[in-house]
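A quick write-up on the structure given underneath.
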Amino acid sequence: MYIAILGRQPALGTAELERVFGGHNVSPLAPQVVNIDTDNFDVQRFGGVLKAGKVIAEVNRNDWHQISQKIIQHYSDEWSSFGGKITLGISAYNLRVNARDVQKVGIVLKQKLKKSGVSLRLIPNSDLALSTATSHHNKLGLSANKVELMIVAGTNGKAIIAESTGSQNITAYAKRDQGRPKRDAFVGMLPPKLAQIMINLAALPNDADHQATILDPFCGTGVVLQEAVLMGYAAYGTDLSVKMIDYSHENLQWLDDSFRKQFKVRLHPGDAMTTKWQQPIDAVVGETYLGQPFSAPPSPAKLEEVVKNCNYIITEFLRNLGSQVKPGTPVCIAVPAWRDKDGRFTHLPLIATIARYGYRPHEFMNVSQNDLLYFREDQIVARELLVLTKVD
Ligand SMILES: C[S@@+](CC[C@H](N)C(=O)[O-])C[C@H]1O[C@@H](n2cnc3c(N)ncnc32)[C@H](O)[C@@H]1O
């Protein structure tokens, strides 16, 4: 059993975990924390997960004294003859304690271990939980002597103690985002984390014998293609703009060189409304045309015009795609949704009638369609994720 600490928009993390592990294996534990019933969990594959941990104990009552005693007893025994220095961080989630209470557990443990001749470096807590950056830079969870304990008070009244198995590699994400040779602020590049989430939402089996192909029909600078090949898939990108195909080509060449690997990629220009794609296409993942960017909410007339335009392009794309992919093909696309000054969204009309174009929306157990929106507080154009399956 694992726990996952979810990112800024927890519904997105919950959704990708549901798609990969099955809805019945993912259960909410606390705000921003879920339990996952699995024997294996690689945090680096999940854009919506900040930290992962293997559950080592469950405490029946959500009582800090009992929890802290359990930790001190368990680790002073387990580490009493540890060879070498231990680095320890402790993070508490959803508990009614303060950072000093959390730190105190580490201090008592450090004193006990000192008596056994074992040296422990305790990472200071300025908050209840260590930030992802602190966990990452201290390499917590990545070796036996670098440990992060994660204590979560569940909404069911029980508490879970887990040992971290790693946190998001923010250095690698920054390289895959800002390190790429070709970027284009105008097309609005997708953050690599969101590309990973979308690929996971497509829930394509990862079979080493038959490398599945992911098509991005609006590939832009190639972020989805990049994340797809890094996750072991073959990538196929098309875009209306020849310049974007060149950018994707250069970025993927850079990826080949950086990872010293020959990734399997196909690229060519094409209008998503009319292109005839090459087969095979095992899944479709992409960020469609989002319309023009706005720095302030547009007038009602302008909004109507942009919604109409985007709705037309994306509907025609879905029709064209639907005539070329097999029933059962998973499709995860990011489409625009516009936020007004009160935080209300205008959605694309096609979402309500998606069945007409031959697609069935996926039903999640813990997440509703309205939660699948990715945006920052200052953004007018949000990305709405549609998780679909092509039907007959
Ligand atoms: C929001 S951007 C995608 C950005 C991409 N995810 C990236 O990370 O760079 C949308 C892309 O759709 C392309 N586009 C617009 N209309 C299109 C159409 N009818 N067919 C294919 N591509 C189109 C644009 O050239 C642009 O690259």
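Chain identifiers are assigned as A, B, and so on, following the order in which chains appear in the structure tokens; residues are numbered from 1 within each chain, and ligands are numbered from 1 in order of appearance.
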
Select the residues contacting ligand 1 at a distance of at most 9 Å, based on only C-alpha atoms and all ligand atoms, then format the selection as a PyMOL selection string.
chain A and resi 183-192+195+216-225+238-245+247-248+269-275+286-291+310+313-314+316-317+334-335

Within 12 Å of range 63-72 of chain A using only C-alpha atoms, minus same-chain residues under 4 positions, as a CSV table (one decimal) with all heavy atoms, in the first residue's frame:
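Saved file around-v9.csv follows:
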```
chain,number,residue,atom,x,y,z
A,56,ILE,N,3.9,2.1,6.3
A,56,ILE,CA,4.6,1.1,7.2
A,56,ILE,C,3.8,0.8,8.5
A,56,ILE,O,3.9,-0.2,9.1
A,56,ILE,CB,6.0,1.5,7.6
A,56,ILE,CG1,6.0,2.9,8.3
A,56,ILE,CG2,7.0,1.5,6.4
A,56,ILE,CD1,7.1,3.0,9.3
A,57,ALA,N,2.9,1.7,8.8
A,57,ALA,CA,2.0,1.5,10.0
A,57,ALA,C,0.8,2.3,9.9
A,57,ALA,O,0.7,3.3,9.3
A,57,ALA,CB,2.8,1.8,11.3
A,58,GLU,N,-0.3,1.8,10.6
A,58,GLU,CA,-1.5,2.5,10.7
A,58,GLU,C,-1.8,2.6,12.2
A,58,GLU,O,-1.6,1.6,13.0
A,58,GLU,CB,-2.6,1.7,10.0
A,58,GLU,CG,-3.9,2.6,9.8
A,58,GLU,CD,-5.0,1.8,9.1
A,58,GLU,OE1,-5.6,1.0,9.7
A,58,GLU,OE2,-5.2,2.1,7.9
A,59,VAL,N,-2.1,3.8,12.7
A,59,VAL,CA,-2.4,4.0,14.1
A,59,VAL,C,-3.9,4.2,14.2
A,59,VAL,O,-4.5,5.0,13.5
A,59,VAL,CB,-1.6,5.2,14.6
A,59,VAL,CG1,-1.9,5.4,16.1
A,59,VAL,CG2,-0.1,5.1,14.4
A,76,SER,N,14.1,3.9,16.7
A,76,SER,CA,15.2,3.8,17.6
A,76,SER,C,15.7,2.3,17.7
A,76,SER,O,16.9,2.0,17.8
A,76,SER,CB,15.0,4.4,19.0
A,76,SER,OG,13.8,3.8,19.6
A,77,ASP,N,14.7,1.4,17.5
A,77,ASP,CA,15.1,-0.1,17.4
A,77,ASP,C,15.7,-0.4,16.0
A,77,ASP,O,16.8,-0.9,16.0
A,77,ASP,CB,13.8,-0.9,17.5
A,77,ASP,CG,13.4,-1.3,18.9
A,77,ASP,OD1,14.2,-0.8,19.8
A,77,ASP,OD2,12.4,-1.9,19.1
A,78,GLU,N,15.0,0.0,15.0
A,78,GLU,CA,15.4,-0.3,13.6
A,78,GLU,C,16.8,0.2,13.3
A,78,GLU,O,17.6,-0.4,12.6
A,78,GLU,CB,14.4,0.2,12.6
A,78,GLU,CG,14.7,-0.2,11.2
A,78,GLU,CD,13.5,-0.2,10.3
A,78,GLU,OE1,12.5,-0.7,10.7
A,78,GLU,OE2,13.7,0.2,9.1
A,79,TRP,N,17.1,1.4,13.8
A,79,TRP,CA,18.4,2.0,13.4
A,79,TRP,C,19.5,1.9,14.4
A,79,TRP,O,20.5,2.5,14.3
A,79,TRP,CB,18.1,3.5,13.1
A,79,TRP,CG,17.3,3.8,11.8
A,79,TRP,CD1,17.1,2.9,10.8
A,79,TRP,CD2,16.5,4.9,11.5
A,79,TRP,NE1,16.3,3.5,9.8
A,79,TRP,CE2,15.9,4.7,10.2
A,79,TRP,CE3,16.3,6.1,12.2
A,79,TRP,CZ2,15.1,5.6,9.6
A,79,TRP,CZ3,15.5,7.1,11.5
A,79,TRP,CH2,14.9,6.8,10.3
A,80,SER,N,19.2,1.1,15.5
A,80,SER,CA,20.1,1.1,16.6
A,80,SER,C,21.5,0.6,16.2
A,80,SER,O,22.5,0.9,16.8
A,80,SER,CB,19.6,0.3,17.8
A,80,SER,OG,19.4,-1.0,17.3
A,90,ILE,N,10.8,14.8,8.6
A,90,ILE,CA,9.5,14.4,9.0
A,90,ILE,C,8.4,15.4,8.5
A,90,ILE,O,8.6,16.6,8.6
A,90,ILE,CB,9.3,14.2,10.5
A,90,ILE,CG1,10.5,13.4,11.1
A,90,ILE,CG2,8.0,13.7,10.9
A,90,ILE,CD1,10.5,13.2,12.6
A,92,ALA,N,4.2,16.1,8.3
A,92,ALA,CA,2.8,15.8,8.8
A,92,ALA,C,1.8,16.4,7.9
A,92,ALA,O,1.9,17.6,7.5
A,92,ALA,CB,2.7,16.2,10.3
A,93,TYR,N,0.7,15.7,7.7
A,93,TYR,CA,-0.3,16.2,6.8
A,93,TYR,C,-1.7,16.0,7.5
A,93,TYR,O,-1.9,14.9,8.1
A,93,TYR,CB,-0.4,15.4,5.5
A,93,TYR,CG,0.9,15.6,4.7
A,93,TYR,CD1,1.9,14.7,4.8
A,93,TYR,CD2,1.0,16.6,3.8
A,93,TYR,CE1,3.1,14.9,4.1
A,93,TYR,CE2,2.2,16.8,3.0
A,93,TYR,CZ,3.2,15.9,3.2
A,93,TYR,OH,4.4,16.1,2.5
A,94,ASN,N,-2.4,17.1,7.5
A,94,ASN,CA,-3.8,17.1,8.1
A,94,ASN,C,-3.8,16.8,9.6
A,94,ASN,O,-4.8,16.3,10.1
A,94,ASN,CB,-4.6,16.0,7.3
A,94,ASN,CG,-6.1,16.2,7.4
A,94,ASN,OD1,-6.6,17.3,7.5
A,94,ASN,ND2,-6.8,15.1,7.5
A,95,LEU,N,-2.7,17.1,10.3
A,95,LEU,CA,-2.7,16.9,11.7
A,95,LEU,C,-2.8,18.2,12.5
A,95,LEU,O,-2.3,19.2,12.0
A,95,LEU,CB,-1.4,16.2,12.1
A,95,LEU,CG,-1.5,14.7,12.0
A,95,LEU,CD1,-0.2,14.1,11.5
A,95,LEU,CD2,-1.9,14.0,13.3
A,96,ARG,N,-3.5,18.2,13.6
A,96,ARG,CA,-3.6,19.4,14.4
A,96,ARG,C,-2.4,19.5,15.4
A,96,ARG,O,-2.6,19.3,16.6
A,96,ARG,CB,-4.9,19.5,15.1
A,96,ARG,CG,-5.9,20.1,14.2
A,96,ARG,CD,-7.2,20.6,15.0
A,96,ARG,NE,-8.3,20.2,14.2
A,96,ARG,CZ,-9.1,19.2,14.5
A,96,ARG,NH1,-8.9,18.4,15.5
A,96,ARG,NH2,-10.1,18.9,13.7
A,97,VAL,N,-1.2,19.7,14.8
A,97,VAL,CA,0.0,19.9,15.7
A,97,VAL,C,0.7,21.1,15.0
A,97,VAL,O,0.3,21.6,14.0
A,97,VAL,CB,0.9,18.7,15.7
A,97,VAL,CG1,0.2,17.6,16.5
A,97,VAL,CG2,1.2,18.2,14.3
A,98,ASN,N,1.8,21.5,15.7
A,98,ASN,CA,2.6,22.6,15.0
A,98,ASN,C,4.0,22.0,14.6
A,98,ASN,O,4.4,20.9,15.0
A,98,ASN,CB,2.7,23.8,15.8
A,98,ASN,CG,3.3,23.6,17.2
A,98,ASN,OD1,4.3,22.9,17.3
A,98,ASN,ND2,2.7,24.2,18.2
A,101,ASP,N,6.2,20.5,17.3
A,101,ASP,CA,5.8,19.2,17.7
A,101,ASP,C,6.4,18.1,16.8
A,101,ASP,O,6.9,17.1,17.2
A,101,ASP,CB,4.3,19.0,17.7
A,101,ASP,CG,3.6,19.9,18.7
A,101,ASP,OD1,4.2,20.2,19.8
A,101,ASP,OD2,2.5,20.4,18.4
A,102,VAL,N,6.4,18.4,15.5
A,102,VAL,CA,6.9,17.5,14.5
A,102,VAL,C,8.4,17.3,14.7
A,102,VAL,O,9.0,16.2,14.7
A,102,VAL,CB,6.6,17.9,13.1
A,102,VAL,CG1,7.1,17.0,12.0
A,102,VAL,CG2,5.0,18.0,12.9
A,103,GLN,N,9.1,18.5,14.8
A,103,GLN,CA,10.5,18.5,15.0
A,103,GLN,C,11.0,17.7,16.2
A,103,GLN,O,12.0,17.1,16.2
A,103,GLN,CB,11.0,20.0,15.1
A,103,GLN,CG,12.5,20.2,15.0
A,103,GLN,CD,13.0,20.1,13.5
A,103,GLN,OE1,12.2,20.0,12.6
A,103,GLN,NE2,14.2,20.0,13.4
A,104,LYS,N,10.2,17.9,17.3
A,104,LYS,CA,10.5,17.3,18.6
A,104,LYS,C,10.7,15.7,18.4
A,104,LYS,O,11.6,15.1,19.1
A,104,LYS,CB,9.4,17.6,19.6
A,104,LYS,CG,10.0,17.7,21.0
A,104,LYS,CD,9.0,18.3,21.9
A,104,LYS,CE,9.1,17.5,23.3
A,104,LYS,NZ,7.9,17.7,24.1
A,105,VAL,N,9.8,15.1,17.6
A,105,VAL,CA,9.9,13.7,17.4
A,105,VAL,C,11.3,13.3,16.9
A,105,VAL,O,12.0,12.4,17.4
A,105,VAL,CB,8.9,13.2,16.4
A,105,VAL,CG1,9.0,11.7,16.1
A,105,VAL,CG2,7.5,13.5,16.9
A,106,GLY,N,11.8,14.1,15.9
A,106,GLY,CA,13.1,13.9,15.4
A,106,GLY,C,14.2,14.1,16.4
A,106,GLY,O,15.2,13.4,16.4
A,107,ILE,N,14.0,15.1,17.2
A,107,ILE,CA,15.1,15.4,18.2
A,107,ILE,C,15.2,14.3,19.2
A,107,ILE,O,16.3,13.9,19.6
A,107,ILE,CB,14.8,16.8,18.9
A,107,ILE,CG1,14.9,17.9,17.9
A,107,ILE,CG2,15.7,17.0,20.1
A,107,ILE,CD1,14.4,19.3,18.3
A,108,VAL,N,14.1,13.8,19.7
A,108,VAL,CA,14.1,12.7,20.7
A,108,VAL,C,14.8,11.5,20.0
A,108,VAL,O,15.6,10.8,20.6
A,108,VAL,CB,12.7,12.3,21.2
A,108,VAL,CG1,12.7,11.1,22.1
A,108,VAL,CG2,12.0,13.5,21.9
A,109,LEU,N,14.4,11.2,18.8
A,109,LEU,CA,15.0,10.0,18.1
A,109,LEU,C,16.5,10.2,17.9
A,109,LEU,O,17.3,9.3,18.1
A,109,LEU,CB,14.3,9.9,16.7
A,109,LEU,CG,14.4,8.7,15.9
A,109,LEU,CD1,14.0,7.4,16.7
A,109,LEU,CD2,13.6,8.7,14.7
A,110,LYS,N,16.9,11.4,17.6
A,110,LYS,CA,18.3,11.7,17.4
A,110,LYS,C,19.1,11.4,18.7
A,110,LYS,O,20.1,10.8,18.7
A,110,LYS,CB,18.4,13.2,17.0
A,110,LYS,CG,19.9,13.7,16.7
A,110,LYS,CD,19.8,15.1,16.3
A,110,LYS,CE,21.2,15.7,16.3
A,110,LYS,NZ,21.7,15.9,14.9
A,111,GLN,N,18.5,11.9,19.9
A,111,GLN,CA,19.2,11.7,21.2
A,111,GLN,C,19.3,10.2,21.5
A,111,GLN,O,20.3,9.7,21.9
A,111,GLN,CB,18.4,12.4,22.3
A,111,GLN,CG,18.6,13.9,22.2
A,111,GLN,CD,17.5,14.7,22.9
A,111,GLN,OE1,16.5,14.1,23.3
A,111,GLN,NE2,17.7,16.0,23.2
A,112,LYS,N,18.2,9.5,21.2
A,112,LYS,CA,18.2,8.0,21.5
A,112,LYS,C,19.2,7.3,20.7
A,112,LYS,O,20.0,6.4,21.2
A,112,LYS,CB,16.8,7.4,21.3
A,112,LYS,CG,15.8,7.8,22.3
A,112,LYS,CD,14.7,6.7,22.3
A,112,LYS,CE,13.8,6.8,23.5
A,112,LYS,NZ,13.6,5.6,24.2
A,113,LEU,N,19.3,7.7,19.4
A,113,LEU,CA,20.2,7.0,18.5
A,113,LEU,C,21.7,7.3,18.9
A,113,LEU,O,22.6,6.5,18.8
A,113,LEU,CB,19.9,7.3,17.1
A,113,LEU,CG,18.7,6.7,16.5
A,113,LEU,CD1,18.3,7.3,15.2
A,113,LEU,CD2,18.9,5.1,16.4
A,148,GLU,N,12.4,10.1,4.7
A,148,GLU,CA,11.4,11.0,5.1
A,148,GLU,C,10.2,10.3,5.6
A,148,GLU,O,9.6,9.4,4.9
A,148,GLU,CB,10.9,11.9,3.9
A,148,GLU,CG,9.8,12.9,4.2
A,148,GLU,CD,9.5,13.9,3.1
A,148,GLU,OE1,10.2,13.9,2.1
A,148,GLU,OE2,8.5,14.6,3.3
A,149,LEU,N,9.8,10.6,6.8
A,149,LEU,CA,8.6,10.0,7.3
A,149,LEU,C,7.4,10.9,7.0
A,149,LEU,O,7.5,12.1,7.3
A,149,LEU,CB,8.7,9.7,8.8
A,149,LEU,CG,9.8,8.8,9.3
A,149,LEU,CD1,9.8,8.7,10.8
A,149,LEU,CD2,9.6,7.4,8.6
A,150,MET,N,6.3,10.3,6.5
A,150,MET,CA,5.1,11.1,6.2
A,150,MET,C,4.0,10.6,7.1
A,150,MET,O,3.7,9.4,7.1
A,150,MET,CB,4.8,10.9,4.7
A,150,MET,CG,6.0,11.3,3.9
A,150,MET,SD,5.6,11.6,2.2
A,150,MET,CE,5.2,10.0,1.6
A,151,ILE,N,3.5,11.5,7.9
A,151,ILE,CA,2.4,11.1,8.8
A,151,ILE,C,1.1,11.8,8.3
A,151,ILE,O,1.1,13.0,8.2
A,151,ILE,CB,2.7,11.5,10.2
A,151,ILE,CG1,4.1,11.0,10.6
A,151,ILE,CG2,1.7,11.0,11.2
A,151,ILE,CD1,4.8,11.9,11.6
A,152,VAL,N,0.1,11.0,8.1
A,152,VAL,CA,-1.1,11.6,7.5
A,152,VAL,C,-2.3,11.2,8.4
A,152,VAL,O,-2.5,10.0,8.7
A,152,VAL,CB,-1.4,11.0,6.1
A,152,VAL,CG1,-2.6,11.7,5.5
A,152,VAL,CG2,-0.2,11.2,5.2
A,153,ALA,N,-3.0,12.2,8.9
A,153,ALA,CA,-4.3,11.9,9.6
A,153,ALA,C,-5.4,11.8,8.6
A,153,ALA,O,-5.7,12.7,7.8
A,153,ALA,CB,-4.6,13.1,10.6
A,154,GLY,N,-5.9,10.6,8.6
A,154,GLY,CA,-7.0,10.3,7.6
A,154,GLY,C,-8.3,10.9,8.0
A,154,GLY,O,-8.5,11.1,9.2
A,157,GLY,N,-10.4,9.1,10.7
A,157,GLY,CA,-10.0,9.1,12.2
A,157,GLY,C,-8.7,8.3,12.4
A,157,GLY,O,-8.1,8.3,13.5
A,158,LYS,N,-8.2,7.5,11.4
A,158,LYS,CA,-7.0,6.8,11.6
A,158,LYS,C,-5.8,7.6,11.1
A,158,LYS,O,-6.0,8.5,10.3
A,158,LYS,CB,-7.0,5.4,10.9
A,158,LYS,CG,-8.1,4.5,11.5
A,158,LYS,CD,-8.1,3.2,10.7
A,158,LYS,CE,-9.2,2.3,11.3
A,158,LYS,NZ,-9.3,1.0,10.7
A,159,ALA,N,-4.6,7.2,11.5
A,159,ALA,CA,-3.4,7.9,11.0
A,159,ALA,C,-2.5,6.9,10.3
A,159,ALA,O,-2.4,5.7,10.8
A,159,ALA,CB,-2.7,8.6,12.1
A,160,ILE,N,-1.8,7.4,9.3
A,160,ILE,CA,-0.9,6.5,8.5
A,160,ILE,C,0.5,7.0,8.7
A,160,ILE,O,0.7,8.2,8.6
A,160,ILE,CB,-1.4,6.5,7.1
A,160,ILE,CG1,-2.7,5.7,6.9
A,160,ILE,CG2,-0.3,6.0,6.1
A,160,ILE,CD1,-2.8,4.6,5.9
A,161,ILE,N,1.4,6.1,8.9
A,161,ILE,CA,2.8,6.5,8.8
A,161,ILE,C,3.4,5.8,7.6
A,161,ILE,O,3.3,4.6,7.4
A,161,ILE,CB,3.6,6.0,10.1
A,161,ILE,CG1,2.8,6.5,11.4
A,161,ILE,CG2,5.0,6.4,10.1
A,161,ILE,CD1,3.3,6.0,12.7
A,162,ALA,N,4.1,6.6,6.8
A,162,ALA,CA,4.6,6.1,5.5
A,162,ALA,C,6.1,6.5,5.4
A,162,ALA,O,6.4,7.6,5.9
A,162,ALA,CB,3.8,6.5,4.3
A,163,GLU,N,6.9,5.7,4.7
A,163,GLU,CA,8.3,6.1,4.4
A,163,GLU,C,8.3,6.6,2.9
A,163,GLU,O,7.9,5.8,2.0
A,163,GLU,CB,9.2,4.9,4.5
A,163,GLU,CG,9.8,4.8,5.9
A,163,GLU,CD,10.8,3.7,6.0
A,163,GLU,OE1,11.4,3.3,5.0
A,163,GLU,OE2,10.9,3.1,7.1
```

Contacts of Leu204 in chain A within 10 Å, only C-alpha atoms, excl. fewer than 6 positions in-chain, as a PyMOL selection string
chain A and resi 19-20+212-214+233+282-284+329-331

Quick one: everything within 10 Å of Asn370 in chain A, counting only C-alpha atoms, minus sequence neighbours fewer than 3 positions away in the same chain. Send it as a PDB file with C-alpha atoms, in the first residue's frame.
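Listed below is the output, result-v1.pdb:
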```pdb
ATOM      1  CA  ALA A  11      -8.260  16.218  -8.640  1.00  0.00           C
ATOM      2  CA  PHE A 345     -16.183  29.033 -16.485  1.00  0.00           C
ATOM      3  CA  HIS A 347     -17.142  25.610 -21.423  1.00  0.00           C
ATOM      4  CA  VAL A 367     -13.415  13.165  -9.573  1.00  0.00           C
ATOM      5  CA  LEU A 373      -9.551  22.070 -15.137  1.00  0.00           C
ATOM      6  CA  GLU A 384     -10.153  21.533 -19.536  1.00  0.00           C
ATOM      7  CA  LEU A 385      -9.172  17.885 -19.796  1.00  0.00           C
TER       8      LEU A 385
END
```

Residue with smallest distance to Ser164 in chain A - pool A:Trp254, A:Trp277, A:Phe82, A:Tyr2, counting only C-alpha atoms
A:Tyr2

May I ask for the distance between CA of Leu50 in chain A and CA of Gly84 in chain A, given in Å to one decimal place?
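Computed distance, CA of Leu50 in chain A to CA of Gly84 in chain A, equals 28.2 Å.
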
Between CA of Asp177 in chain A and CA of Ile199 in chain A, distance in Å (one decimal)
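These atoms are spaced 16.6 Å apart.
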
Within 6 Å of range 116-126 of chain A, counting only C-alpha atoms, which residues show up once you throw out same-chain ones fewer than 2 positions away? Write them as a ChimeraX atom specification, please.
/A:80,85-89,99,110,113-114

When you count only C-alpha atoms, which of these residues is closest to Glu16 in chain A: A:Met365, A:Ala301, A:Ala174, A:Leu348?
A:Met365

Extract, using only C-alpha atoms, all DNA, RNA and protein residues at most 10 Å from Pro349 in chain A, discarding same-chain residues fewer than 2 positions from it, and format them as a count of residues only.
12

What parts of range 107-203 of chain A does DSSP call strand (DSSP E or B)? I'd like the answer as a list in words.
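For range 107-203 of chain A, the strand (DSSP E or B) set is Leu120, Arg121, Leu122, Ser143, Lys146, Val147, Glu148, Leu149, Met150, Ile151, Val152, Ala153, Ala159, Ile160, Ile161, Ala162, Glu163, Ser164, Thr165, Gly166 and Ser167 of chain A.
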
Using DSSP on the backbone coordinates, identify all residues within range 105-353 of chain A classified as helix (DSSP H, G or I); present the result as an MDAnalysis selection string.
chainID A and resid 105:115 132:137 170:178 192:202 223:230 242:259 300:322 349:353

So that I can see what lies close to Thr171 in chain A, please list as an NGL selection string the residues with an atom at most 10 Å from it, counting only C-alpha atoms and leaving out residues fewer than 3 positions away in the same chain.
:A and (133 or 136-137 or 168 or 174-177)

Residues from last step as file, C-alpha atoms, as a PDB file, in the first residue's frame:
```
ATOM      1  CA  ALA A 133      12.114  21.131  -3.059  1.00  0.00           C
ATOM      2  CA  HIS A 136      14.114  16.513  -3.568  1.00  0.00           C
ATOM      3  CA  HIS A 137      17.356  18.382  -2.859  1.00  0.00           C
ATOM      4  CA  GLN A 168       8.975  15.009  -7.817  1.00  0.00           C
ATOM      5  CA  ALA A 174      12.879  22.352 -15.228  1.00  0.00           C
ATOM      6  CA  LYS A 175      15.377  20.916 -17.720  1.00  0.00           C
ATOM      7  CA  ARG A 176      12.602  19.328 -19.802  1.00  0.00           C
ATOM      8  CA  ASP A 177      10.696  22.613 -19.771  1.00  0.00           C
TER       9      ASP A 177
END
```

In Å, rounded to a single decimal, give me how far CA of Ile380 in chain A is from CA of Ala228 in chain A.
27.9 Å

Go through A:Ser368, A:Gln44, A:Ser299, A:Gln262 one by one, measure the shortest atom-to-atom distance of each to Gln196 in chain A using only C-alpha atoms, and give the residue with the smallest value.
A:Gln44
